[in-house]
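J.: Got a structure for you, start_11.cif, holding mmCIF, C-alpha atoms.
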data_final
#
loop_
_atom_site.group_PDB
_atom_site.id
_atom_site.type_symbol
_atom_site.label_atom_id
_atom_site.label_comp_id
_atom_site.auth_asym_id
_atom_site.auth_seq_id
_atom_site.Cartn_x
_atom_site.Cartn_y
_atom_site.Cartn_z
ATOM 1 C CA MET A 1 -19.620 31.874 0.948
ATOM 2 C CA LYS A 2 -18.095 29.582 -1.650
ATOM 3 C CA LEU A 3 -16.029 26.605 -0.525
ATOM 4 C CA ASN A 4 -13.526 24.793 -2.700
ATOM 5 C CA PHE A 5 -13.429 21.048 -2.216
ATOM 6 C CA GLN A 6 -11.962 17.856 -3.609
ATOM 7 C CA LYS A 7 -13.868 14.587 -3.810
ATOM 8 C CA TYR A 8 -11.676 11.554 -3.064
ATOM 9 C CA GLN A 9 -12.219 7.833 -2.808
ATOM 10 C CA GLY A 10 -10.127 5.010 -1.399
ATOM 11 C CA THR A 11 -11.489 1.621 -2.499
ATOM 12 C CA GLY A 12 -14.955 3.145 -2.728
ATOM 13 C CA ASN A 13 -14.858 4.831 0.689
ATOM 14 C CA ASP A 14 -15.493 8.404 -0.435
ATOM 15 C CA PHE A 15 -14.822 11.774 1.147
ATOM 16 C CA VAL A 16 -15.274 15.491 0.674
ATOM 17 C CA ILE A 17 -11.884 17.037 1.525
ATOM 18 C CA ILE A 18 -11.441 20.756 2.208
ATOM 19 C CA ASP A 19 -8.255 22.782 2.646
ATOM 20 C CA ASN A 20 -9.016 24.525 5.929
ATOM 21 C CA ARG A 21 -5.603 25.994 6.689
ATOM 22 C CA GLU A 22 -7.180 29.448 6.904
ATOM 23 C CA LYS A 23 -9.847 28.142 9.334
ATOM 24 C CA LEU A 24 -12.790 29.399 7.260
ATOM 25 C CA PHE A 25 -14.899 26.278 7.714
ATOM 26 C CA ASP A 26 -17.265 26.169 10.713
ATOM 27 C CA VAL A 27 -16.419 22.853 12.386
ATOM 28 C CA GLN A 28 -19.408 23.210 14.739
ATOM 29 C CA ASN A 29 -21.924 23.259 11.883
ATOM 30 C CA THR A 30 -23.028 19.630 11.915
ATOM 31 C CA ARG A 31 -26.027 20.376 9.690
ATOM 32 C CA LEU A 32 -23.746 21.781 6.980
ATOM 33 C CA ILE A 33 -21.411 18.775 7.142
ATOM 34 C CA ASN A 34 -24.378 16.418 6.972
ATOM 35 C CA ARG A 35 -25.782 18.299 3.974
ATOM 36 C CA LEU A 36 -22.459 18.294 2.100
ATOM 37 C CA CYS A 37 -22.219 14.515 2.583
ATOM 38 C CA ASP A 38 -25.844 13.937 1.517
ATOM 39 C CA ARG A 39 -25.945 12.039 -1.772
ATOM 40 C CA LYS A 40 -29.168 13.641 -2.936
ATOM 41 C CA PHE A 41 -28.963 17.232 -1.682
ATOM 42 C CA GLY A 42 -25.202 17.717 -1.380
ATOM 43 C CA ILE A 43 -21.916 16.535 -2.847
ATOM 44 C CA GLY A 44 -22.271 13.031 -1.451
ATOM 45 C CA ALA A 45 -19.720 11.182 0.691
ATOM 46 C CA ASP A 46 -19.177 8.768 3.567
ATOM 47 C CA GLY A 47 -17.467 11.585 5.457
ATOM 48 C CA LEU A 48 -15.886 15.036 5.335
ATOM 49 C CA ILE A 49 -12.220 15.740 6.043
ATOM 50 C CA LEU A 50 -10.527 19.034 6.846
ATOM 51 C CA LEU A 51 -6.821 19.568 6.216
ATOM 52 C CA GLN A 52 -5.477 22.058 8.763
ATOM 53 C CA ASN A 53 -2.115 23.448 9.833
ATOM 54 C CA HIS A 54 -0.222 21.815 12.668
ATOM 55 C CA THR A 55 2.535 23.462 14.683
ATOM 56 C CA GLU A 56 4.910 20.472 14.621
ATOM 57 C CA LEU A 57 3.782 18.074 11.880
ATOM 58 C CA ASP A 58 3.049 18.484 8.178
ATOM 59 C CA PHE A 59 -0.683 18.981 8.723
ATOM 60 C CA GLU A 60 -3.668 17.938 10.812
ATOM 61 C CA MET A 61 -6.567 15.735 9.692
ATOM 62 C CA VAL A 62 -10.020 16.403 11.171
ATOM 63 C CA TYR A 63 -12.605 13.810 10.189
ATOM 64 C CA PHE A 64 -16.404 13.973 10.359
ATOM 65 C CA ASN A 65 -18.860 11.176 9.677
ATOM 66 C CA ALA A 66 -21.683 11.755 7.221
ATOM 67 C CA ASP A 67 -24.019 12.497 10.137
ATOM 68 C CA GLY A 68 -22.012 15.676 10.780
ATOM 69 C CA ASN A 69 -20.272 14.606 13.985
ATOM 70 C CA GLU A 70 -16.513 14.514 14.440
ATOM 71 C CA SER A 71 -15.427 10.906 14.500
ATOM 72 C CA SER A 72 -12.551 8.630 15.374
ATOM 73 C CA MET A 73 -9.718 7.728 13.004
ATOM 74 C CA CYS A 74 -10.492 6.914 9.368
ATOM 75 C CA GLY A 75 -7.820 4.816 7.636
ATOM 76 C CA ASN A 76 -8.960 5.303 4.053
ATOM 77 C CA GLY A 77 -9.448 8.983 4.800
ATOM 78 C CA GLY A 78 -5.884 9.160 6.103
ATOM 79 C CA ARG A 79 -4.598 7.756 2.847
ATOM 80 C CA CYS A 80 -6.757 10.150 0.817
ATOM 81 C CA ILE A 81 -5.727 13.273 2.732
ATOM 82 C CA THR A 82 -2.077 12.297 2.249
ATOM 83 C CA HIS A 83 -2.640 12.292 -1.506
ATOM 84 C CA PHE A 84 -4.507 15.623 -1.204
ATOM 85 C CA ALA A 85 -1.597 17.170 0.731
ATOM 86 C CA HIS A 86 0.705 16.088 -2.091
ATOM 87 C CA TYR A 87 -1.713 17.681 -4.612
ATOM 88 C CA LEU A 88 -1.485 20.952 -2.623
ATOM 89 C CA ASN A 89 2.344 20.720 -2.619
ATOM 90 C CA ILE A 90 2.376 20.634 1.177
ATOM 91 C CA ILE A 91 4.396 17.415 1.077
ATOM 92 C CA LYS A 92 6.476 15.455 -1.396
ATOM 93 C CA ASN A 93 6.096 11.688 -1.064
ATOM 94 C CA GLU A 94 6.253 11.262 2.709
ATOM 95 C CA CYS A 95 4.588 12.968 5.625
ATOM 96 C CA GLU A 96 3.593 12.824 9.252
ATOM 97 C CA PHE A 97 0.238 14.238 10.257
ATOM 98 C CA MET A 98 -1.886 14.535 13.373
ATOM 99 C CA ALA A 99 -5.263 12.776 13.653
ATOM 100 C CA ILE A 100 -7.664 12.320 16.535
ATOM 101 C CA ASP A 101 -5.859 9.148 17.669
ATOM 102 C CA GLY A 102 -2.358 10.624 17.414
ATOM 103 C CA ALA A 103 0.364 11.065 14.824
ATOM 104 C CA HIS A 104 0.524 8.962 11.656
ATOM 105 C CA LYS A 105 3.233 8.571 9.047
ATOM 106 C CA ALA A 106 2.275 7.998 5.425
ATOM 107 C CA LYS A 107 4.022 7.528 2.114
ATOM 108 C CA ILE A 108 2.947 7.783 -1.521
ATOM 109 C CA ILE A 109 4.511 4.653 -3.014
ATOM 110 C CA ALA A 110 3.053 5.024 -6.511
ATOM 111 C CA GLU A 111 0.933 7.590 -8.352
ATOM 112 C CA ASN A 112 -2.328 6.707 -6.573
ATOM 113 C CA LEU A 113 -1.060 4.216 -4.011
ATOM 114 C CA VAL A 114 -0.608 5.297 -0.388
ATOM 115 C CA ALA A 115 0.754 3.398 2.628
ATOM 116 C CA LEU A 116 -0.493 4.641 5.998
ATOM 117 C CA GLN A 117 1.094 3.659 9.293
ATOM 118 C CA MET A 118 -1.612 2.759 11.796
ATOM 119 C CA ASN A 119 -1.166 3.077 15.527
ATOM 120 C CA ASP A 120 -0.125 0.077 17.607
ATOM 121 C CA VAL A 121 -2.797 -2.243 18.962
ATOM 122 C CA GLU A 122 -2.014 -3.638 22.396
ATOM 123 C CA GLN A 123 -5.168 -5.624 23.124
ATOM 124 C CA VAL A 124 -7.552 -7.830 21.166
ATOM 125 C CA LYS A 125 -10.655 -9.037 22.993
ATOM 126 C CA THR A 126 -11.447 -12.588 21.919
ATOM 127 C CA GLU A 127 -14.905 -14.035 22.554
ATOM 128 C CA ALA A 128 -16.543 -17.269 21.412
ATOM 129 C CA ASN A 129 -17.976 -15.825 18.203
ATOM 130 C CA TYR A 130 -16.345 -12.418 17.712
ATOM 131 C CA TYR A 131 -13.254 -10.264 18.195
ATOM 132 C CA GLU A 132 -13.228 -6.697 19.478
ATOM 133 C CA LEU A 133 -10.368 -4.219 19.099
ATOM 134 C CA ASN A 134 -9.569 -0.582 18.462
ATOM 135 C CA THR A 135 -7.487 0.425 15.428
ATOM 136 C CA GLY A 136 -8.135 4.137 15.883
ATOM 137 C CA SER A 137 -11.853 3.345 15.768
ATOM 138 C CA PRO A 138 -13.636 0.552 17.672
ATOM 139 C CA HIS A 139 -14.394 -2.602 15.685
ATOM 140 C CA TYR A 140 -16.380 -5.795 16.110
ATOM 141 C CA ILE A 141 -15.156 -8.673 13.913
ATOM 142 C CA GLN A 142 -17.259 -11.735 13.153
ATOM 143 C CA PHE A 143 -16.047 -14.555 10.909
ATOM 144 C CA VAL A 144 -18.716 -16.078 8.662
ATOM 145 C CA ASP A 145 -18.826 -18.729 5.944
ATOM 146 C CA ASP A 146 -19.617 -16.321 3.105
ATOM 147 C CA VAL A 147 -19.800 -12.525 3.432
ATOM 148 C CA SER A 148 -21.775 -12.281 0.189
ATOM 149 C CA GLN A 149 -24.733 -13.898 1.938
ATOM 150 C CA ILE A 150 -24.847 -11.394 4.826
ATOM 151 C CA ASN A 151 -27.374 -8.558 5.027
ATOM 152 C CA VAL A 152 -24.749 -6.168 6.356
ATOM 153 C CA LYS A 153 -27.031 -3.213 7.054
ATOM 154 C CA GLN A 154 -29.480 -5.311 9.062
ATOM 155 C CA SER A 155 -27.010 -7.591 10.839
ATOM 156 C CA GLY A 156 -24.549 -4.766 11.475
ATOM 157 C CA ALA A 157 -27.221 -2.532 12.974
ATOM 158 C CA GLU A 158 -28.315 -5.333 15.307
ATOM 159 C CA VAL A 159 -24.829 -5.396 16.824
ATOM 160 C CA ARG A 160 -24.201 -1.645 16.701
ATOM 161 C CA TYR A 161 -27.470 -0.867 18.539
ATOM 162 C CA ASN A 162 -27.536 -3.742 21.016
ATOM 163 C CA ASP A 163 -27.378 -2.999 24.745
ATOM 164 C CA GLN A 164 -23.607 -3.494 24.849
ATOM 165 C CA TYR A 165 -22.699 -0.963 22.139
ATOM 166 C CA LYS A 166 -25.623 1.384 21.500
ATOM 167 C CA SER A 167 -24.411 4.263 23.680
ATOM 168 C CA GLU A 168 -20.984 4.666 22.031
ATOM 169 C CA GLY A 169 -21.548 2.679 18.858
ATOM 170 C CA ILE A 170 -19.177 0.276 17.151
ATOM 171 C CA ASN A 171 -18.222 -0.579 13.585
ATOM 172 C CA VAL A 172 -19.235 -4.110 12.619
ATOM 173 C CA ASN A 173 -17.181 -6.222 10.208
ATOM 174 C CA PHE A 174 -18.082 -9.554 8.654
ATOM 175 C CA VAL A 175 -15.131 -11.587 7.408
ATOM 176 C CA ASP A 176 -14.591 -14.788 5.458
ATOM 177 C CA VAL A 177 -11.300 -16.413 4.537
ATOM 178 C CA LYS A 178 -10.636 -16.729 0.821
ATOM 179 C CA HIS A 179 -7.135 -18.213 0.801
ATOM 180 C CA SER A 180 -4.160 -18.263 3.148
ATOM 181 C CA ASN A 181 -3.413 -14.636 4.132
ATOM 182 C CA GLN A 182 -6.354 -13.375 2.050
ATOM 183 C CA ILE A 183 -9.756 -12.395 3.425
ATOM 184 C CA ASN A 184 -13.009 -10.758 2.326
ATOM 185 C CA VAL A 185 -14.481 -7.999 4.493
ATOM 186 C CA ARG A 186 -17.782 -6.130 4.545
ATOM 187 C CA THR A 187 -18.350 -3.333 7.062
ATOM 188 C CA TYR A 188 -21.251 -1.523 8.713
ATOM 189 C CA GLU A 189 -19.982 1.892 9.831
ATOM 190 C CA ARG A 190 -21.364 3.854 12.738
ATOM 191 C CA GLY A 191 -22.004 7.500 11.829
ATOM 192 C CA VAL A 192 -22.794 6.436 8.275
ATOM 193 C CA GLU A 193 -25.255 3.885 9.725
ATOM 194 C CA ASP A 194 -25.000 1.711 6.652
ATOM 195 C CA GLU A 195 -22.593 -0.530 4.810
ATOM 196 C CA THR A 196 -19.702 1.268 3.138
ATOM 197 C CA LEU A 197 -17.710 -0.106 0.212
ATOM 198 C CA SER A 198 -14.573 -0.143 2.350
ATOM 199 C CA CYS A 199 -13.359 0.876 5.820
ATOM 200 C CA GLY A 200 -9.630 1.293 6.437
ATOM 201 C CA THR A 201 -9.648 0.858 10.217
ATOM 202 C CA GLY A 202 -12.056 -2.059 9.749
ATOM 203 C CA VAL A 203 -9.790 -3.718 7.203
ATOM 204 C CA THR A 204 -6.878 -3.318 9.629
ATOM 205 C CA ALA A 205 -8.916 -4.764 12.488
ATOM 206 C CA ALA A 206 -10.070 -7.694 10.353
ATOM 207 C CA ALA A 207 -6.501 -8.475 9.311
ATOM 208 C CA ILE A 208 -5.419 -8.523 12.965
ATOM 209 C CA ALA A 209 -8.342 -10.770 13.907
ATOM 210 C CA TYR A 210 -7.413 -13.142 11.075
ATOM 211 C CA TYR A 211 -3.795 -13.153 12.305
ATOM 212 C CA GLU A 212 -5.010 -14.086 15.796
ATOM 213 C CA GLN A 213 -7.463 -16.724 14.604
ATOM 214 C CA SER A 214 -4.819 -18.336 12.389
ATOM 215 C CA ASN A 215 -2.172 -18.311 15.149
ATOM 216 C CA LEU A 216 0.341 -16.609 12.866
ATOM 217 C CA GLN A 217 3.791 -15.549 13.986
ATOM 218 C CA GLY A 218 6.049 -12.709 12.901
ATOM 219 C CA LYS A 219 5.293 -10.327 10.048
ATOM 220 C CA HIS A 220 2.628 -11.118 7.449
ATOM 221 C CA VAL A 221 1.008 -9.193 4.616
ATOM 222 C CA ILE A 222 -2.736 -9.838 4.649
ATOM 223 C CA ILE A 223 -4.622 -9.191 1.399
ATOM 224 C CA VAL A 224 -8.102 -7.815 2.037
ATOM 225 C CA ASN A 225 -10.871 -7.735 -0.552
ATOM 226 C CA THR A 226 -13.661 -5.205 -0.001
ATOM 227 C CA LEU A 227 -16.636 -4.300 -2.179
ATOM 228 C CA GLY A 228 -14.671 -1.241 -3.309
ATOM 229 C CA GLY A 229 -11.400 -2.971 -4.138
ATOM 230 C CA LYS A 230 -8.280 -4.554 -2.726
ATOM 231 C CA LEU A 231 -6.128 -3.382 0.174
ATOM 232 C CA SER A 232 -3.242 -4.960 2.049
ATOM 233 C CA VAL A 233 -2.247 -4.756 5.694
ATOM 234 C CA ASP A 234 1.246 -5.355 7.055
ATOM 235 C CA VAL A 235 0.729 -7.091 10.396
ATOM 236 C CA ASN A 236 3.444 -7.825 12.935
ATOM 237 C CA LYS A 237 3.010 -9.065 16.501
ATOM 238 C CA THR A 238 5.540 -8.718 19.303
ATOM 239 C CA GLU A 239 5.366 -9.264 23.053
ATOM 240 C CA ASN A 240 3.946 -5.722 23.287
ATOM 241 C CA GLY A 241 1.115 -6.354 20.840
ATOM 242 C CA PHE A 242 0.706 -5.443 17.192
ATOM 243 C CA THR A 243 3.237 -2.919 15.905
ATOM 244 C CA ASN A 244 4.388 -1.463 12.575
ATOM 245 C CA LEU A 245 0.902 -1.827 11.116
ATOM 246 C CA SER A 246 0.566 -0.440 7.608
ATOM 247 C CA LEU A 247 -2.622 0.006 5.569
ATOM 248 C CA ASN A 248 -1.798 0.048 1.866
ATOM 249 C CA GLY A 249 -4.021 0.788 -1.107
ATOM 250 C CA PRO A 250 -5.308 3.256 -3.690
ATOM 251 C CA ALA A 251 -6.341 6.853 -2.993
ATOM 252 C CA THR A 252 -7.827 8.668 -5.969
ATOM 253 C CA GLY A 253 -9.095 12.172 -6.597
ATOM 254 C CA VAL A 254 -12.488 11.951 -8.308
ATOM 255 C CA PHE A 255 -13.363 15.588 -9.011
ATOM 256 C CA GLU A 256 -13.040 19.087 -7.580
ATOM 257 C CA GLY A 257 -15.485 21.939 -7.367
ATOM 258 C CA THR A 258 -17.021 24.768 -5.368
ATOM 259 C CA VAL A 259 -20.149 24.772 -3.251
ATOM 260 C CA ASN A 260 -22.191 27.645 -1.845
ATOM 261 C CA VAL A 261 -22.700 27.508 1.922
#
Turn the structure described in the file into C-alpha coordinates.

T.:
Amino acid sequence: MKLNFQKYQGTGNDFVIIDNREKLFDVQNTRLINRLCDRKFGIGADGLILLQNHTELDFEMVYFNADGNESSMCGNGGRCITHFAHYLNIIKNECEFMAIDGAHKAKIIAENLVALQMNDVEQVKTEANYYELNTGSPHYIQFVDDVSQINVKQSGAEVRYNDQYKSEGINVNFVDVKHSNQINVRTYERGVEDETLSCGTGVTAAAIAYYEQSNLQGKHVIIVNTLGGKLSVDVNKTENGFTNLSLNGPATGVFEGTVNV
(Lines of atoms letter the chains of each structure in order from A and count residues from 1; the text may use other names and numbers.)
(Lines give C-alpha, C1' and ligand atoms only; values in the text may rest on other atoms or scores of the structure.)
Protein backbone atom coordinates (compact mmCIF):
# COMPACT_ATOMS: atom_id res chain seq x y z
CA MET A 1 0.00 0.00 0.00
CA LYS A 2 1.16 3.52 -0.79
CA LEU A 3 0.77 6.24 1.83
CA ASN A 4 0.78 9.94 1.08
CA PHE A 5 2.51 12.07 3.67
CA GLN A 6 3.71 15.59 4.39
CA LYS A 7 6.95 16.37 6.19
CA TYR A 8 6.65 19.37 8.53
CA GLN A 9 8.94 21.15 10.93
CA GLY A 10 8.32 23.68 13.69
CA THR A 11 11.59 25.28 14.82
CA GLY A 12 13.43 22.12 13.81
CA ASN A 13 11.06 19.72 15.58
CA ASP A 14 10.08 17.60 12.59
CA PHE A 15 7.13 15.34 11.87
CA VAL A 16 5.67 12.98 9.31
CA ILE A 17 1.99 13.96 9.02
CA ILE A 18 -0.61 11.72 7.38
CA ASP A 19 -4.23 12.45 6.47
CA ASN A 20 -5.94 9.49 8.12
CA ARG A 21 -9.56 10.57 7.80
CA GLU A 22 -10.33 7.33 5.97
CA LYS A 23 -8.65 5.30 8.77
CA LEU A 24 -6.30 3.43 6.41
CA PHE A 25 -3.26 3.71 8.66
CA ASP A 26 -2.68 0.92 11.20
CA VAL A 27 -2.21 2.79 14.48
CA GLN A 28 -1.16 -0.43 16.24
CA ASN A 29 1.85 -0.95 13.96
CA THR A 30 4.59 0.49 16.14
CA ARG A 31 7.32 -1.04 13.97
CA LEU A 32 5.99 0.79 10.90
CA ILE A 33 5.81 4.12 12.75
CA ASN A 34 9.33 3.62 14.06
CA ARG A 35 10.59 2.81 10.56
CA LEU A 36 8.90 5.84 8.97
CA CYS A 37 10.55 8.09 11.58
CA ASP A 38 13.97 6.45 11.14
CA ARG A 39 16.41 8.92 9.59
CA LYS A 40 18.41 6.28 7.78
CA PHE A 41 15.82 3.70 6.68
CA GLY A 42 12.66 5.81 6.56
CA ILE A 43 11.46 9.36 6.00
CA GLY A 44 13.03 10.66 9.19
CA ALA A 45 11.26 12.59 11.96
CA ASP A 46 10.97 13.21 15.69
CA GLY A 47 7.43 11.85 15.52
CA LEU A 48 4.46 10.87 13.36
CA ILE A 49 1.09 12.61 13.44
CA LEU A 50 -2.26 11.42 12.12
CA LEU A 51 -5.03 13.85 11.22
CA GLN A 52 -8.39 12.17 11.79
CA ASN A 53 -12.06 13.14 11.76
CA HIS A 54 -13.74 14.20 14.97
CA THR A 55 -17.49 14.21 15.58
CA GLU A 56 -17.62 17.65 17.23
CA LEU A 57 -14.38 19.50 16.45
CA ASP A 58 -12.54 20.32 13.23
CA PHE A 59 -10.27 17.28 13.46
CA GLU A 60 -8.36 15.02 15.82
CA MET A 61 -4.58 14.88 16.28
CA VAL A 62 -2.99 11.52 17.15
CA TYR A 63 0.71 11.77 17.94
CA PHE A 64 3.36 9.04 18.06
CA ASN A 65 6.95 9.37 19.21
CA ALA A 66 9.73 8.16 16.94
CA ASP A 67 9.87 4.91 18.92
CA GLY A 68 6.42 4.06 17.52
CA ASN A 69 4.40 4.52 20.71
CA GLU A 70 1.48 6.92 21.05
CA SER A 71 2.59 9.81 23.19
CA SER A 72 1.32 12.76 25.18
CA MET A 73 0.68 16.21 23.73
CA CYS A 74 3.17 17.72 21.28
CA GLY A 75 3.03 21.53 21.06
CA ASN A 76 5.08 21.98 17.90
CA GLY A 77 3.16 19.10 16.35
CA GLY A 78 -0.10 20.84 17.22
CA ARG A 79 1.03 23.94 15.39
CA CYS A 80 2.18 21.89 12.39
CA ILE A 81 -1.04 19.88 12.08
CA THR A 82 -3.02 23.14 12.18
CA HIS A 83 -1.06 24.35 9.16
CA PHE A 84 -1.59 20.94 7.49
CA ALA A 85 -5.36 21.14 8.08
CA HIS A 86 -5.33 24.54 6.38
CA TYR A 87 -3.37 23.02 3.46
CA LEU A 88 -6.10 20.34 3.14
CA ASN A 89 -8.81 23.06 3.20
CA ILE A 90 -10.33 21.53 6.32
CA ILE A 91 -10.06 24.88 8.09
CA LYS A 92 -9.54 28.52 7.19
CA ASN A 93 -7.38 30.41 9.68
CA GLU A 94 -8.81 29.18 12.98
CA CYS A 95 -9.68 25.79 14.37
CA GLU A 96 -10.35 23.67 17.41
CA PHE A 97 -9.04 20.13 17.47
CA MET A 98 -8.90 17.20 19.86
CA ALA A 99 -5.58 15.88 21.19
CA ILE A 100 -4.74 13.32 23.84
CA ASP A 101 -4.84 15.98 26.58
CA GLY A 102 -8.11 17.55 25.43
CA ALA A 103 -9.30 20.21 23.02
CA HIS A 104 -7.00 22.93 21.69
CA LYS A 105 -7.73 26.09 19.75
CA ALA A 106 -5.23 27.33 17.18
CA LYS A 107 -4.92 30.19 14.74
CA ILE A 108 -2.77 30.85 11.68
CA ILE A 109 -1.64 34.43 12.28
CA ALA A 110 0.66 34.70 9.26
CA GLU A 111 1.61 32.50 6.31
CA ASN A 112 3.77 30.09 8.34
CA LEU A 113 3.11 31.37 11.85
CA VAL A 114 0.72 29.49 14.13
CA ALA A 115 -0.50 30.28 17.66
CA LEU A 116 -1.62 27.26 19.68
CA GLN A 117 -3.62 27.53 22.89
CA MET A 118 -2.16 25.20 25.50
CA ASN A 119 -4.18 23.73 28.32
CA ASP A 120 -4.20 25.37 31.74
CA VAL A 121 -1.53 24.40 34.26
CA GLU A 122 -2.77 24.32 37.84
CA GLN A 123 0.33 23.10 39.66
CA VAL A 124 4.07 23.66 39.43
CA LYS A 125 6.26 21.53 41.68
CA THR A 126 9.19 23.60 42.92
CA GLU A 127 12.26 21.88 44.36
CA ALA A 128 15.67 23.23 45.37
CA ASN A 129 17.27 22.74 41.95
CA TYR A 130 14.44 21.98 39.52
CA TYR A 131 10.80 22.55 38.58
CA GLU A 132 8.35 19.86 37.52
CA LEU A 133 5.06 20.45 35.69
CA ASN A 134 2.79 19.05 33.02
CA THR A 135 1.95 21.12 29.93
CA GLY A 136 0.26 18.24 28.13
CA SER A 137 3.47 16.27 28.59
CA PRO A 138 5.51 15.96 31.81
CA HIS A 139 8.57 18.20 32.07
CA TYR A 140 11.57 18.62 34.33
CA ILE A 141 13.11 22.12 34.22
CA GLN A 142 16.61 22.88 35.45
CA PHE A 143 18.14 26.36 35.27
CA VAL A 144 21.85 26.43 34.40
CA ASP A 145 24.46 29.12 33.77
CA ASP A 146 24.92 28.32 30.07
CA VAL A 147 22.89 25.76 28.11
CA SER A 148 25.54 25.65 25.39
CA GLN A 149 27.88 23.90 27.81
CA ILE A 150 25.44 21.09 28.68
CA ASN A 151 25.71 17.58 27.23
CA VAL A 152 21.95 17.34 26.84
CA LYS A 153 21.77 13.71 25.72
CA GLN A 154 23.88 12.49 28.63
CA SER A 155 22.55 14.78 31.35
CA GLY A 156 18.96 14.46 30.16
CA ALA A 157 19.12 10.67 30.11
CA GLU A 158 20.48 10.64 33.67
CA VAL A 159 17.31 12.39 34.86
CA ARG A 160 14.89 10.59 32.54
CA TYR A 161 16.14 7.14 33.64
CA ASN A 162 16.72 7.79 37.33
CA ASP A 163 14.68 5.87 39.91
CA GLN A 164 12.11 8.66 40.20
CA TYR A 165 11.19 8.88 36.50
CA LYS A 166 12.36 5.76 34.67
CA SER A 167 9.03 3.91 34.72
CA GLU A 168 6.96 6.67 33.07
CA GLY A 169 9.73 8.84 31.69
CA ILE A 170 9.97 12.61 31.67
CA ASN A 171 11.18 15.28 29.26
CA VAL A 172 14.21 17.15 30.58
CA ASN A 173 14.81 20.83 29.83
CA PHE A 174 17.89 22.91 30.55
CA VAL A 175 17.31 26.65 30.67
CA ASP A 176 19.42 29.78 30.96
CA VAL A 177 18.23 33.37 31.10
CA LYS A 178 19.43 35.58 28.27
CA HIS A 179 17.64 38.85 29.05
CA SER A 180 14.51 39.89 30.92
CA ASN A 181 11.62 37.78 29.56
CA GLN A 182 13.97 35.91 27.20
CA ILE A 183 15.40 32.45 27.81
CA ASN A 184 17.37 29.73 26.03
CA VAL A 185 16.10 26.15 26.19
CA ARG A 186 17.52 22.77 25.21
CA THR A 187 15.41 19.63 25.61
CA TYR A 188 15.91 15.88 25.94
CA GLU A 189 12.69 14.19 24.81
CA ARG A 190 11.47 10.84 26.04
CA GLY A 191 10.36 8.58 23.18
CA VAL A 192 12.97 10.19 20.95
CA GLU A 193 15.56 9.47 23.67
CA ASP A 194 17.79 12.26 22.46
CA GLU A 195 17.97 16.02 22.23
CA THR A 196 15.55 17.58 19.76
CA LEU A 197 16.01 21.00 18.16
CA SER A 198 12.84 22.23 19.84
CA CYS A 199 9.98 20.96 22.02
CA GLY A 200 6.74 22.95 22.20
CA THR A 201 5.45 21.61 25.51
CA GLY A 202 8.98 21.95 26.90
CA VAL A 203 9.23 25.56 25.77
CA THR A 204 5.87 26.25 27.43
CA ALA A 205 6.99 24.55 30.64
CA ALA A 206 10.28 26.45 30.66
CA ALA A 207 8.49 29.77 30.20
CA ILE A 208 6.22 28.98 33.16
CA ALA A 209 9.20 27.98 35.30
CA TYR A 210 10.94 31.24 34.39
CA TYR A 211 7.77 33.16 35.31
CA GLU A 212 7.74 31.43 38.71
CA GLN A 213 11.45 31.89 39.35
CA SER A 214 11.26 35.58 38.45
CA ASN A 215 8.16 36.18 40.61
CA LEU A 216 6.33 37.81 37.70
CA GLN A 217 2.75 39.01 37.91
CA GLY A 218 0.01 39.27 35.32
CA LYS A 219 0.46 38.52 31.63
CA HIS A 220 3.91 38.31 30.05
CA VAL A 221 5.24 37.25 26.66
CA ILE A 222 8.34 35.10 27.15
CA ILE A 223 10.71 34.82 24.18
CA VAL A 224 12.29 31.37 23.96
CA ASN A 225 15.35 30.55 21.88
CA THR A 226 15.83 26.90 20.90
CA LEU A 227 18.44 25.27 18.67
CA GLY A 228 15.81 25.22 15.91
CA GLY A 229 14.66 28.82 16.19
CA LYS A 230 12.62 31.28 18.20
CA LEU A 231 9.22 30.80 19.81
CA SER A 232 7.16 32.90 22.19
CA VAL A 233 4.83 31.91 24.99
CA ASP A 234 2.01 34.05 26.37
CA VAL A 235 1.96 33.34 30.10
CA ASN A 236 -0.70 34.54 32.53
CA LYS A 237 -1.17 33.49 36.15
CA THR A 238 -4.37 33.80 38.16
CA GLU A 239 -5.48 32.43 41.52
CA ASN A 240 -6.42 29.22 39.66
CA GLY A 241 -2.99 28.73 38.11
CA PHE A 242 -1.69 29.45 34.63
CA THR A 243 -4.38 30.17 32.05
CA ASN A 244 -4.65 31.47 28.48
CA LEU A 245 -1.28 29.96 27.59
CA SER A 246 -0.34 30.37 23.94
CA LEU A 247 2.61 28.82 22.10
CA ASN A 248 3.49 30.91 19.06
CA GLY A 249 5.95 30.23 16.27
CA PRO A 250 6.64 28.96 12.76
CA ALA A 251 5.19 25.78 11.23
CA THR A 252 6.53 24.94 7.79
CA GLY A 253 5.85 22.23 5.25
CA VAL A 254 9.18 20.80 4.07
CA PHE A 255 8.16 18.30 1.38
CA GLU A 256 5.47 15.79 0.48
CA GLY A 257 5.66 12.33 -0.97
CA THR A 258 4.47 8.73 -0.99
CA VAL A 259 5.91 5.73 0.79
CA ASN A 260 5.31 2.02 0.28
CA VAL A 261 4.22 0.16 3.42

J.: Can you list, as a PyMOL selection string, every protein, DNA or RNA residue that comes within 10 Å of region 101-114 of chain A when you count all atoms listed in the file, leaving out same-chain residues fewer than 3 positions away?

T.: chain A and resi 10+57-58+60-61+72-74+76+78-83+86+91-98+117-119+135-137+246-253

J.: Report as a PyMOL selection string the residues that result from applying the PyMOL selection byres ((chain A and resi 172) around 6) to the structure here.

T.: chain A and resi 139-140+156+171+173+187-188

J.: Could you list, as a list in words, every residue matched by the PyMOL selection byres ((chain A and resi 67) around 6) in this structure?

T.: Asn34, Asn65, Ala66, Gly68, Asn69 and Gly191 of chain A

J.: Please put the answer as lines of an AutoDock Vina configuration file: centre and edge lengths, in Å with one decimal, of a box along x, y and z that encloses all listed atoms of region 67-84 of chain A plus 8 Å on each side.

T.:
center_x = -13.0
center_y = 10.2
center_z = 6.9
size_x = 37.9
size_y = 26.9
size_z = 32.9

J.: Running the PyMOL selection byres ((chain A and resi 141-155) around 6) on this model by hand, what would come out? Give it as a PyMOL selection string.

T.: chain A and resi 130-131+140+156-158+173-176+194-195

J.: Take the residues that were just selected and, keeping C-alpha atoms, output them as a tab-separated table (two decimals), keeping the file's coordinate frame.

T.:
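out-v8.tsv was written with the following content:
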chain	number	residue	atom	x	y	z
A	130	TYR	CA	-16.34	-12.42	17.71
A	131	TYR	CA	-13.25	-10.26	18.20
A	140	TYR	CA	-16.38	-5.80	16.11
A	156	GLY	CA	-24.55	-4.77	11.48
A	157	ALA	CA	-27.22	-2.53	12.97
A	158	GLU	CA	-28.32	-5.33	15.31
A	173	ASN	CA	-17.18	-6.22	10.21
A	174	PHE	CA	-18.08	-9.55	8.65
A	175	VAL	CA	-15.13	-11.59	7.41
A	176	ASP	CA	-14.59	-14.79	5.46
A	194	ASP	CA	-25.00	1.71	6.65
A	195	GLU	CA	-22.59	-0.53	4.81

J.: Between A:Val185, A:Tyr87, A:Ala209, A:His179, which one has atoms that come closest to Glu127 (chain A), using all atoms listed in the file?

T.: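 Using all atoms listed in the file, Glu127 (chain A) sits closest to A:Ala209.
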